[in-house]
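For reference, entry-v5.csv is printed below; it contains CSV, C-alpha atoms.
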```csv
chain,number,residue,atom,x,y,z
V,1071,MET,CA,17.5,-4.1,-3.4
V,1072,PHE,CA,13.7,-4.2,-3.1
V,1073,SER,CA,11.6,-2.1,-5.6
V,1074,LEU,CA,8.4,-1.1,-3.8
V,1075,GLN,CA,5.6,1.2,-4.8
V,1076,ILE,CA,2.5,2.4,-3.0
V,1077,ARG,CA,-0.4,3.7,-5.0
V,1078,ALA,CA,-3.0,5.3,-2.7
V,1079,VAL,CA,-6.2,7.1,-3.5
V,1080,GLY,CA,-6.6,10.5,-1.9
V,1081,ALA,CA,-4.3,13.2,-0.5
V,1082,LEU,CA,-2.8,13.3,2.9
V,1083,GLN,CA,-4.8,15.8,5.0
V,1084,GLU,CA,-2.9,16.4,8.2
V,1085,SER,CA,0.5,18.2,8.3
V,1086,TRP,CA,2.1,15.3,10.2
V,1087,HIS,CA,1.1,12.6,7.7
V,1088,PRO,CA,3.8,13.4,5.2
V,1089,GLN,CA,6.3,13.8,8.0
V,1090,ALA,CA,5.5,10.3,9.3
V,1091,ILE,CA,5.8,8.8,5.8
V,1092,HIS,CA,9.1,10.6,5.1
V,1093,SER,CA,10.5,9.3,8.3
V,1094,TYR,CA,10.0,5.7,7.3
V,1095,LEU,CA,11.0,6.4,3.6
V,1096,THR,CA,14.4,7.7,4.9
V,1097,ARG,CA,14.8,4.6,7.1
V,1098,LEU,CA,14.0,2.3,4.2
V,1099,LEU,CA,16.7,3.8,1.9
V,1100,PRO,CA,19.4,1.2,2.8
V,1101,PHE,CA,17.0,-1.7,2.1
V,1102,ALA,CA,14.6,-0.7,-0.6
V,1103,ARG,CA,13.5,1.9,-3.1
V,1104,LEU,CA,10.0,3.0,-2.3
V,1105,GLU,CA,7.9,5.3,-4.4
V,1106,VAL,CA,4.5,6.6,-3.2
V,1107,LYS,CA,2.0,7.8,-5.8
V,1108,GLU,CA,-1.2,9.6,-4.9
V,1109,ILE,CA,-4.3,8.9,-7.0
V,1110,THR,CA,-7.1,11.4,-7.3
V,1111,GLU,CA,-10.4,10.5,-5.6
V,1112,GLY,CA,-13.0,9.3,-8.0
V,1113,HIS,CA,-15.9,11.2,-6.5
V,1114,GLN,CA,-14.2,14.6,-7.2
V,1115,GLY,CA,-15.7,16.3,-4.1
V,1116,SER,CA,-19.3,15.5,-4.9
V,1117,ALA,CA,-21.6,15.6,-1.8
V,1118,LYS,CA,-23.6,12.6,-3.2
V,1119,PRO,CA,-21.2,10.7,-5.3
V,1120,ASN,CA,-22.0,7.7,-7.5
V,1121,LEU,CA,-20.0,5.2,-5.5
V,1122,GLU,CA,-19.7,2.6,-8.2
V,1123,LYS,CA,-18.5,5.1,-10.7
V,1124,ALA,CA,-16.1,6.6,-8.2
V,1125,ARG,CA,-14.6,3.2,-7.4
V,1126,LYS,CA,-14.2,2.4,-11.1
V,1127,LEU,CA,-12.4,5.7,-11.8
V,1128,GLU,CA,-10.1,5.0,-8.9
V,1129,ALA,CA,-9.5,1.5,-10.0
V,1130,GLU,CA,-8.5,2.6,-13.5
V,1131,SER,CA,-6.0,5.0,-12.0
V,1132,LEU,CA,-4.6,2.5,-9.5
V,1133,LEU,CA,-4.1,-0.1,-12.2
V,1134,LYS,CA,-2.9,2.2,-15.0
V,1135,ASN,CA,0.7,1.5,-16.2
V,1136,LEU,CA,1.5,-1.2,-13.6
V,1137,PRO,CA,4.9,-2.7,-14.4
V,1138,SER,CA,4.2,-5.9,-16.4
V,1139,ASN,CA,6.2,-8.1,-14.0
V,1140,ALA,CA,5.0,-6.5,-10.8
V,1141,ILE,CA,3.5,-8.4,-7.9
V,1142,VAL,CA,0.3,-6.5,-7.1
V,1143,ILE,CA,-0.9,-6.4,-3.4
V,1144,ALA,CA,-4.3,-4.9,-2.7
V,1145,LEU,CA,-5.0,-3.7,0.8
V,1146,ASP,CA,-8.5,-4.4,1.8
V,1147,GLU,CA,-10.4,-5.3,4.9
V,1148,THR,CA,-11.4,-8.6,3.3
V,1149,GLY,CA,-7.8,-9.6,2.8
V,1150,LYS,CA,-5.5,-12.0,4.6
V,1151,GLU,CA,-4.1,-10.8,8.0
V,1152,MET,CA,-0.4,-11.5,8.7
V,1153,ASP,CA,1.8,-10.8,11.7
V,1154,SER,CA,5.0,-8.8,11.0
V,1155,ARG,CA,7.3,-11.8,10.6
V,1156,THR,CA,5.0,-13.5,8.2
V,1157,PHE,CA,4.6,-10.3,6.2
V,1158,ALA,CA,8.4,-9.9,6.1
V,1159,LYS,CA,8.8,-13.5,4.8
V,1160,GLN,CA,6.1,-12.9,2.2
V,1161,LEU,CA,7.7,-9.6,1.1
V,1162,GLU,CA,11.0,-11.4,0.6
V,1163,THR,CA,9.2,-14.0,-1.6
V,1164,TRP,CA,7.4,-11.3,-3.6
V,1165,GLY,CA,10.2,-8.9,-4.2
V,1166,GLY,CA,13.5,-10.4,-2.8
V,1167,THR,CA,14.8,-10.9,-6.3
V,1168,GLY,CA,14.1,-7.4,-7.5
V,1169,THR,CA,10.6,-8.0,-8.8
V,1170,PRO,CA,8.6,-4.8,-8.4
V,1171,VAL,CA,6.0,-5.0,-5.6
V,1172,VAL,CA,3.1,-2.6,-5.9
V,1173,PHE,CA,0.7,-2.0,-3.0
V,1174,LEU,CA,-2.7,-0.6,-3.8
V,1175,ILE,CA,-4.8,1.4,-1.3
V,1176,GLY,CA,-8.3,2.4,-2.3
V,1177,GLY,CA,-10.3,5.5,-1.4
V,1178,SER,CA,-12.7,6.0,1.4
V,1179,TRP,CA,-15.4,4.1,-0.5
V,1180,GLY,CA,-13.3,1.0,-0.8
V,1181,LEU,CA,-11.8,-0.9,-3.7
V,1182,ASP,CA,-13.5,-1.8,-6.9
V,1183,ALA,CA,-13.7,-5.5,-7.5
V,1184,SER,CA,-11.4,-5.2,-10.5
V,1185,VAL,CA,-8.5,-4.2,-8.2
V,1186,ARG,CA,-8.9,-7.2,-5.9
V,1187,GLU,CA,-9.2,-9.4,-9.0
V,1188,ARG,CA,-6.0,-8.0,-10.5
V,1189,ALA,CA,-4.1,-8.4,-7.3
V,1190,HIS,CA,-1.9,-11.4,-6.7
V,1191,VAL,CA,-2.7,-11.1,-3.0
V,1192,VAL,CA,-5.2,-9.2,-0.9
V,1193,VAL,CA,-3.9,-8.2,2.5
V,1194,SER,CA,-5.7,-6.7,5.5
V,1195,LEU,CA,-3.9,-4.5,8.0
V,1196,GLY,CA,-6.3,-5.7,10.6
V,1197,LYS,CA,-10.0,-5.8,11.5
V,1198,MET,CA,-10.2,-2.2,12.7
V,1199,THR,CA,-11.2,0.5,10.2
V,1200,LEU,CA,-8.3,2.9,9.5
V,1201,PRO,CA,-8.4,6.3,7.7
V,1202,HIS,CA,-6.6,5.8,4.4
V,1203,ALA,CA,-3.8,8.1,5.4
V,1204,MET,CA,-3.2,6.0,8.5
V,1205,ALA,CA,-3.3,2.8,6.4
V,1206,ARG,CA,-0.6,4.3,4.2
V,1207,ILE,CA,1.5,5.2,7.3
V,1208,VAL,CA,1.0,1.8,8.9
V,1209,LEU,CA,2.0,0.1,5.6
V,1210,VAL,CA,5.2,2.1,5.3
V,1211,GLU,CA,6.1,1.3,8.9
V,1212,GLN,CA,5.4,-2.4,8.3
V,1213,LEU,CA,7.6,-2.3,5.2
V,1214,TYR,CA,10.4,-0.8,7.3
V,1215,ARG,CA,9.8,-3.4,10.0
V,1216,ALA,CA,9.9,-6.2,7.5
V,1217,MET,CA,13.2,-4.9,6.2
V,1218,THR,CA,14.7,-4.9,9.7
V,1219,ILE,CA,13.4,-8.4,10.3
V,1220,LEU,CA,14.9,-9.6,7.0
V,1221,ASN,CA,18.2,-7.9,7.7
V,1222,GLY,CA,18.5,-8.9,11.4
V,1223,LYS,CA,18.3,-5.4,12.7
V,1224,GLU,CA,17.2,-4.4,16.2
V,1225,TYR,CA,14.0,-2.5,15.4
V,1226,HIS,CA,11.6,-5.4,15.6
V,1227,LYS,CA,11.1,-6.8,19.1
```

In structure tokens, how does this file's structure come out?
Amino acid sequence: MFSLQIRAVGALQESWHPQAIHSYLTRLLPFARLEVKEITEGHQGSAKPNLEKARKLEAESLLKNLPSNAIVIALDETGKEMDSRTFAKQLETWGGTGTPVVFLIGGSWGLDASVRERAHVVVSLGKMTLPHAMARIVLVEQLYRAMTILNGKEYHK
């Protein structure tokens, strides 16, 4: 069974966001254990935040207590784009033997360089800018899609 974790900066704002995530978490249960951890934003509500300081605080929280054997995947616009089948194959390589796979999603000001440097791989969900809540939902959906591809299920067309 796959051991997956998503660490994401910021809270979900809209009432339907947790519902969407829960829907895919439920669908993933036969294939993987997925834990989602929310990280507090580094700017702490300041109207004029120090962006460098905010990103560093977020990075410290994202990277804190990572499992020592985890494969760390940072989501960032500068990362490698993959289609769903390639992502599924890559996910199987990363975590198919039970190795924990941890996905890191930064805050609205982006990722600190230390997160990209710590990651084994940097992945982009595409060239379009997404709100961070949507990136989280898209990632969970793609994890479910990857599991259906790997298990020969009908979801992926």

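Distance-wise, atom CA of V:Lys1126 and atom CA of V:Leu1161 end up 27.8 Å apart.
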
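Distances to V:Val1193 were evaluated for V:Gly1177, V:Pro1170, V:Gly1149, V:Gly1165 using all atoms listed in the file, and the minimum falls at V:Gly1149.
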
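As for atom CA of V:Ser1194 and atom CA of V:Ile1143, they are spaced 10.1 Å apart.
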
Contact table stretch 1103-1165 of chain V vs stretch 1084-1096 of chain V, cut-off 9 Å, shortest pair per residue, only C-alpha atoms, as a tab-separated table:
```
residue	atom	partner	partner_atom	distance
V:Arg1103	CA	V:Leu1095	CA	8.4
V:Leu1104	CA	V:Leu1095	CA	6.9
V:Glu1105	CA	V:Leu1095	CA	8.6
```

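Take atom CA of V:Leu1195 and atom CA of V:Phe1157: the distance between them is 10.4 Å.
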
Residue with the minimum atom-to-atom distance to V:Gly1168, picked from V:Asn1139, V:Arg1206, V:Ala1117, V:Lys1134 with only C-alpha atoms counted, is V:Asn1139

Please identify all polymer residues within 12 Å of V:Thr1156, counting all atoms listed in the file, omitting same-chain residues fewer than 6 positions from it, and present them as an MDAnalysis selection string. chainID V and resid 1150 1162:1163 1193 1212:1213 1215:1216 1219:1220

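For the residues V:Met1204, V:Val1191, V:Ala1124, V:Val1079, ranking by smallest atom-to-atom distance to V:Gly1112 using all atoms listed in the file places V:Ala1124 first.
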
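Considering the residues V:Asn1221, V:Asn1120, V:Gln1075, V:Thr1169 and counting all atoms listed in the file, V:Arg1155 has its shortest atom-to-atom contact with V:Asn1221.
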
Residue with smallest distance to V:Glu1151 - pool V:Met1198, V:Leu1181, V:Ala1078, V:Leu1121, counting all atoms listed in the file: V:Met1198

What's the 12 Å shell around V:Arg1186, counting only C-alpha atoms, without same-chain residues fewer than 5 positions away, as a CSV table (one decimal) with C-alpha atoms, in the coordinates of the input?
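Contents of selection-v1.csv, as written:
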```
chain,number,residue,atom,x,y,z
V,1125,ARG,CA,-14.6,3.2,-7.4
V,1129,ALA,CA,-9.5,1.5,-10.0
V,1132,LEU,CA,-4.6,2.5,-9.5
V,1133,LEU,CA,-4.1,-0.1,-12.2
V,1142,VAL,CA,0.3,-6.5,-7.1
V,1143,ILE,CA,-0.9,-6.4,-3.4
V,1144,ALA,CA,-4.3,-4.9,-2.7
V,1145,LEU,CA,-5.0,-3.7,0.8
V,1146,ASP,CA,-8.5,-4.4,1.8
V,1147,GLU,CA,-10.4,-5.3,4.9
V,1148,THR,CA,-11.4,-8.6,3.3
V,1149,GLY,CA,-7.8,-9.6,2.8
V,1173,PHE,CA,0.7,-2.0,-3.0
V,1174,LEU,CA,-2.7,-0.6,-3.8
V,1175,ILE,CA,-4.8,1.4,-1.3
V,1176,GLY,CA,-8.3,2.4,-2.3
V,1180,GLY,CA,-13.3,1.0,-0.8
V,1181,LEU,CA,-11.8,-0.9,-3.7
V,1191,VAL,CA,-2.7,-11.1,-3.0
V,1192,VAL,CA,-5.2,-9.2,-0.9
V,1193,VAL,CA,-3.9,-8.2,2.5
V,1194,SER,CA,-5.7,-6.7,5.5
```

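Counting all atoms listed in the file and comparing V:Met1152, V:Ala1205, V:Val1171, V:Leu1127, the residue that lies closest to V:Val1185 is V:Leu1127.
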
Can you put N, CA and C atoms back into stretch 1170-1188 of chain V and show it as a short mmCIF file (atom, residue, chain, number, x, y, z; two decimals), in the frame of the given file?
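File rebuild_29.cif, as written:
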```cif
data_model
loop_
_atom_site.label_atom_id
_atom_site.label_comp_id
_atom_site.auth_asym_id
_atom_site.auth_seq_id
_atom_site.Cartn_x
_atom_site.Cartn_y
_atom_site.Cartn_z
N PRO V 1170 9.37 -5.87 -8.97
CA PRO V 1170 8.60 -4.80 -8.40
C PRO V 1170 7.40 -5.26 -7.61
N VAL V 1171 7.18 -4.69 -6.42
CA VAL V 1171 6.00 -5.00 -5.60
C VAL V 1171 5.21 -3.72 -5.49
N VAL V 1172 3.95 -3.76 -5.91
CA VAL V 1172 3.10 -2.60 -5.90
C VAL V 1172 1.92 -2.83 -4.95
N PHE V 1173 1.79 -1.95 -3.96
CA PHE V 1173 0.70 -2.00 -3.00
C PHE V 1173 -0.37 -1.00 -3.43
N LEU V 1174 -1.64 -1.43 -3.43
CA LEU V 1174 -2.70 -0.60 -3.80
C LEU V 1174 -3.66 -0.32 -2.64
N ILE V 1175 -3.90 0.97 -2.36
CA ILE V 1175 -4.80 1.40 -1.30
C ILE V 1175 -5.93 2.18 -1.90
N GLY V 1176 -7.15 1.71 -1.72
CA GLY V 1176 -8.30 2.40 -2.30
C GLY V 1176 -8.70 3.63 -1.55
N GLY V 1177 -9.76 4.24 -2.03
CA GLY V 1177 -10.30 5.50 -1.40
C GLY V 1177 -11.22 5.14 -0.28
N SER V 1178 -11.85 6.18 0.23
CA SER V 1178 -12.70 6.00 1.40
C SER V 1178 -13.96 5.19 1.12
N TRP V 1179 -14.25 4.94 -0.15
CA TRP V 1179 -15.40 4.10 -0.50
C TRP V 1179 -15.00 2.68 -0.80
N GLY V 1180 -13.74 2.35 -0.58
CA GLY V 1180 -13.30 1.00 -0.80
C GLY V 1180 -12.73 0.76 -2.18
N LEU V 1181 -12.38 -0.49 -2.45
CA LEU V 1181 -11.80 -0.90 -3.70
C LEU V 1181 -12.87 -1.43 -4.67
N ASP V 1182 -12.73 -1.13 -5.93
CA ASP V 1182 -13.50 -1.80 -6.90
C ASP V 1182 -13.10 -3.23 -7.04
N ALA V 1183 -14.02 -4.10 -7.36
CA ALA V 1183 -13.70 -5.50 -7.50
C ALA V 1183 -12.58 -5.81 -8.45
N SER V 1184 -12.44 -4.99 -9.48
CA SER V 1184 -11.40 -5.20 -10.50
C SER V 1184 -10.00 -5.11 -9.89
N VAL V 1185 -9.84 -4.32 -8.84
CA VAL V 1185 -8.50 -4.20 -8.20
C VAL V 1185 -8.21 -5.47 -7.42
N ARG V 1186 -9.17 -5.97 -6.67
CA ARG V 1186 -8.90 -7.20 -5.90
C ARG V 1186 -8.69 -8.37 -6.91
N GLU V 1187 -9.39 -8.37 -8.05
CA GLU V 1187 -9.20 -9.40 -9.00
C GLU V 1187 -7.84 -9.38 -9.69
N ARG V 1188 -7.33 -8.18 -9.91
CA ARG V 1188 -6.00 -8.00 -10.50
C ARG V 1188 -4.87 -8.34 -9.59
#
```
